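Asker: Before we start, here is the structure in question, set down as structure tokens.
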Amino acid sequence: MIYEPSLTAVVFFFGFVGLTLGLSFYLGRKAKSSEGYFAAHGQIPWFVNGVAFAGDYLSAASFLGICGMIAVSGYDGFLYSIGFLAGWIVALFVVAEPMKRLGKFTFADALNAKFDSPGIKLAAGVSTLAVSVFYLIPQMVGAGVLVQPLLGLPHWAGVLIVGAVVIFIVVTAGMVSTTWVQFLKGALLVIFSAVLTVLILERGFKVEPVPEESQTITKTADGQTLVNGEPKGTKPGENSLRPVGTLSKLPNGQTETGPLGPLEFFSVLQNSEVVLWKKQPPVEENGAVTTEYKPEPTPGSRVLRPGESSKFAGIRRDNLIDKLNFVSLMLALFCGTASLPHILIRYYTVKDVAAARKSTIVGIGTIGFFYILTLYMGLGAMTSGAMDVSNSNMAAPLLALSISKLLFAIISAIAFTTVLGTVSGLILASAGAVAHDLVGSFFGRSMTDHEQVRIAKLASVVVGVIAIVLGILFEGFNVGYLVGWAFSVAASANLPALVMLLFWKGVTKQGVIAAVIVGMTSSLAWILLSADTFATVYGWPAEDALVPFSQPGIVTIPLGFATLVVVSLLTGGKAE
Amino acid sequence: MQSQTSRLGLTLFGLYLLLYGGFVLLNAFAPTTMEETPLAGVNIAILYGFGLIIAAFVLALIYGIFSKSSDDDAMDEVAKDGNG
């Protein structure tokens with residue numbers, strides 16, 4: 001689709017970004033020590049930290065990715081919401097309090113509390129960097145996606161703007177301002193998602209005739225893009241994609257429902273018929289590749305059941321491997337949250353164990369509420385008549401556009417800050433890992449406070465630039481897909497060591513190092529050799545993949561635990 | 001580690017693990033059960049999904065209310081000793 005930039009959107013957007021920058025500069029003045037830079041002096045109030053958890057966690061994948069996936073194929077996207085939230089149970093009941101008790105600035109601190117080993121710092125530092133960079137790519141891609149309709153700028157410009165703003169935030173201010181930015185963004189995201197949901201329920205459903213024509217996008221041999229057979233554009237003789245997303249039947253022959261209750265919304269949809277636009281496999285003819293999107297009236301009962309999208313269709317087949325792939329993903333989502341470095345460092349910004357616990361509870365409430373709303377927003381977008389068949393990531397902002405231009409501007413600006421917030425948290429976690437863990441263990445000496453902060457700021461710039469480059473390279477990549485990777489790697493590398501340290505006295509430092517390294521490399525290797533990666537990244541046939549299913553968690557998480565136990569038992573006698 | 005608070009945490013964790021595990025296995029091995037509409041015309045997939053999210057918050061609240069502040073003080077002492 002072609003998006004017209006609107007003045008309101010631009011004004012609102014720059015106002016918002018300006019406010020964020022001003023706030024971060026103002027708050028950052030005092031954070032000169034490493035204690036202030038990495039951990040906000042441990043003085044963030046627990047309620048603020050709890051909402052900031054939501055700000056950190058509800059990334060572009062949650063807001064754009066999940067809503068988009070629900071809007072395109074129904075219930076399946078909501079499985080991510082459930083898994084992402086369930087992970088917080090591990091964080092609260094198992095990890096939160098010991099993390100606060102053992103560490104100071106970084107995740108490596110907590111692993112290393114008992115041993116004081118440079119090896120552990122190095123391994124944990126590398127895994128922090130690996131997970132954070134994986135997590136950064138989809139955020140940056142998301143930024144590029146958003147800027148197109150909002151400001152009418154190309155993808156790379158969006159990535160560059162986000163990168164520059166975030167580097168500025170992180171370098172000027174560190175954890176204090178990052179936290180307040182997250183707080184602001186988390187609160188606004190949840191409030192406006194609730195507003196959007198109320199408006200969806202207020203609007204209800206309406207029947208439209210089933211569109212007969214499908215839509216096509218053709219990339220010709222000479223690099224031109226044709227939409228529905230004519231050059232892409234808005235002038236006469238040119239064509240752009242028609243917005244889609246309608247109901248073709250309501251129960252009992254109704255044509256309009258009027259306002260609906262929160263449960264009624266689902267029961268009505270259950271007995272209706274929705275027009276979904278299925279992407280057909282691309283066809284090549286004389287060097288021109290054509291992708292067709294076909295309207296397909298689908299019963300609501302199918303839209304609302306799991307296993308309808310291609311990603312989750314495996315659960316409806318009688319193939320054990322396909323079912324294991326699903327269980328593996330759900331396991332990685334469950335274990336991944338409590339292993340994400342940018343979430344874990346947030347435990348050091350509050351003053352004590354009780355505050356760590358209370359802020360996690362606030363986080364769970366805020367994030368859970370938002371995830372319930374994703375189902376309404378996704379299904380609302382599906383039936384809004386505003387969807388773009390070629391880009392599912394735009395579902396939530398376009399849903400807002402179908403209600404009002406102002407709401408679109410607000411939602412887009414919030415979505416953009418969503419990216420800003422998560423990216424700054426990730427860059428700060430990476431910078432902490434570099435300055436505090438890697439450089440510290442590599443040079444084998446303790447640096448002064450001032451040196452640590454300077455190295456961290458330098459590292460922020462480097463990681464930020466890497467993120468910008470990757471964000472431009474991975475344009476057009478599925479945003480949710482890469483986040484799944486990050487969760488699998490985080491859970492496999494970090495969780496075994498973290499959990500075993502808490503529950504088993506026999507853990508040795510060699511055991512911790514081996515578990516982190518084996519968990520990280522095995523999950524990465526599995527992902528790189530999987531059918532999903534073969535097909536979407538390398539463009540090779542999926543059947544040639546070297547591992548039986550795509551999601552590594554169910555194999556590599558137990559492998560991490562096993563490695564830790566075996567190596568600890570073998571080295572137990574000589575432990576220092 | 002074996003304070004009353006951490007025991008409570010692990011019990012609640014086990015409870016949630018059963019709920020979540022049940023959901024995942026039901027989806028994987030009996031997906032058609034998810035299509036049934038036992039309540040208000042809403043299917044089990046949505047009811048169970050919302051239930052899991054609400055249950056997480058309820059368990060978190062229970063944990064917050066019943067955790068003992070004496071355990072926290074002990075933990076905070078360890079933190080101070082451990083990190084100077």
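Every chain in the structure tokens takes a letter, A first, then B, and so on in the order presented; its residues are numbered from 1, and the ligands are numbered from 1 following the presented order.
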Please identify all polymer residues within 7 Å of Ile345 (chain A), counting only C-alpha atoms, omitting same-chain residues fewer than 2 positions from it, and present them as a PyMOL selection string.
Answerer: chain A and resi 105-107+341-343+347-348
Asker: For the residues selected in the previous step, produce a file with N, CA, C and O atoms as a short mmCIF file (atom, residue, chain, number, x, y, z; two decimals), in the first residue's frame.
Answerer:
```
data_model
loop_
_atom_site.label_atom_id
_atom_site.label_comp_id
_atom_site.auth_asym_id
_atom_site.auth_seq_id
_atom_site.Cartn_x
_atom_site.Cartn_y
_atom_site.Cartn_z
N PHE A 105 25.60 -5.23 38.68
CA PHE A 105 25.30 -4.48 37.45
C PHE A 105 24.78 -5.37 36.32
O PHE A 105 23.92 -4.98 35.56
N THR A 106 25.38 -6.56 36.17
CA THR A 106 25.06 -7.37 35.00
C THR A 106 24.67 -8.78 35.41
O THR A 106 24.90 -9.21 36.53
N PHE A 107 24.14 -9.52 34.42
CA PHE A 107 23.75 -10.90 34.59
C PHE A 107 24.99 -11.75 34.96
O PHE A 107 24.91 -12.66 35.79
N PRO A 341 19.00 -10.69 29.06
CA PRO A 341 19.85 -9.79 29.84
C PRO A 341 19.23 -8.42 30.08
O PRO A 341 19.35 -7.88 31.17
N HIS A 342 18.53 -7.87 29.07
CA HIS A 342 18.02 -6.50 29.26
C HIS A 342 16.86 -6.48 30.25
O HIS A 342 16.53 -5.43 30.80
N ILE A 343 16.22 -7.63 30.47
CA ILE A 343 15.20 -7.71 31.52
C ILE A 343 15.87 -7.90 32.88
O ILE A 343 15.53 -7.25 33.88
N TYR A 347 16.54 -5.61 37.48
CA TYR A 347 16.47 -5.94 38.91
C TYR A 347 17.48 -5.17 39.74
O TYR A 347 17.38 -5.14 40.96
N TYR A 348 18.46 -4.56 39.09
CA TYR A 348 19.46 -3.82 39.86
C TYR A 348 19.11 -2.35 40.03
O TYR A 348 19.83 -1.61 40.66
#
```
Asker: Which residues of chain B sit at most 7 Å from chain A, using only C-alpha atoms? Give each one's shortest atom pair and distance in Å (one decimal place), in chain and ascending residue order, as CSV.
Answerer:
```
residue,atom,partner,partner_atom,distance
B:Gly9,CA,A:Phe93,CA,4.7
B:Leu10,CA,A:Phe93,CA,6.3
B:Phe13,CA,A:Phe93,CA,6.1
B:Val24,CA,A:Val327,CA,6.5
B:Asn27,CA,A:Ile315,CA,6.9
B:Ala28,CA,A:Ile315,CA,5.1
B:Pro31,CA,A:Arg316,CA,6.6
B:Met34,CA,A:Arg305,CA,6.5
B:Glu35,CA,A:Arg305,CA,5.8
B:Ala40,CA,A:Ser267,CA,6.9
B:Gly41,CA,A:Ser267,CA,4.7
B:Val42,CA,A:Ser267,CA,5.1
B:Ala45,CA,A:Arg305,CA,6.4
B:Gly49,CA,A:Ile82,CA,6.4
B:Phe50,CA,A:Ile372,CA,6.7
B:Ile53,CA,A:Gly368,CA,5.7
B:Ala56,CA,A:Ile89,CA,6.7
B:Phe57,CA,A:Gly365,CA,5.7
B:Ala60,CA,A:Ile361,CA,5.7
B:Leu61,CA,A:Ile361,CA,6.8
B:Gly64,CA,A:Lys358,CA,6.7
B:Asp72,CA,A:Val353,CA,5.9
B:Met75,CA,A:Arg101,CA,6.3
B:Asp76,CA,A:Asp352,CA,6.3
B:Val78,CA,A:Arg101,CA,6.7
B:Ala79,CA,A:Arg101,CA,4.6
```
Asker: Out of B:Leu39, B:Phe29, B:Leu59, B:Ile65, which residue has the shortest atom-to-atom distance to Thr11 (chain B) when counting only C-alpha atoms?
Answerer: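 Closest residue, counting only C-alpha atoms: B:Leu59.
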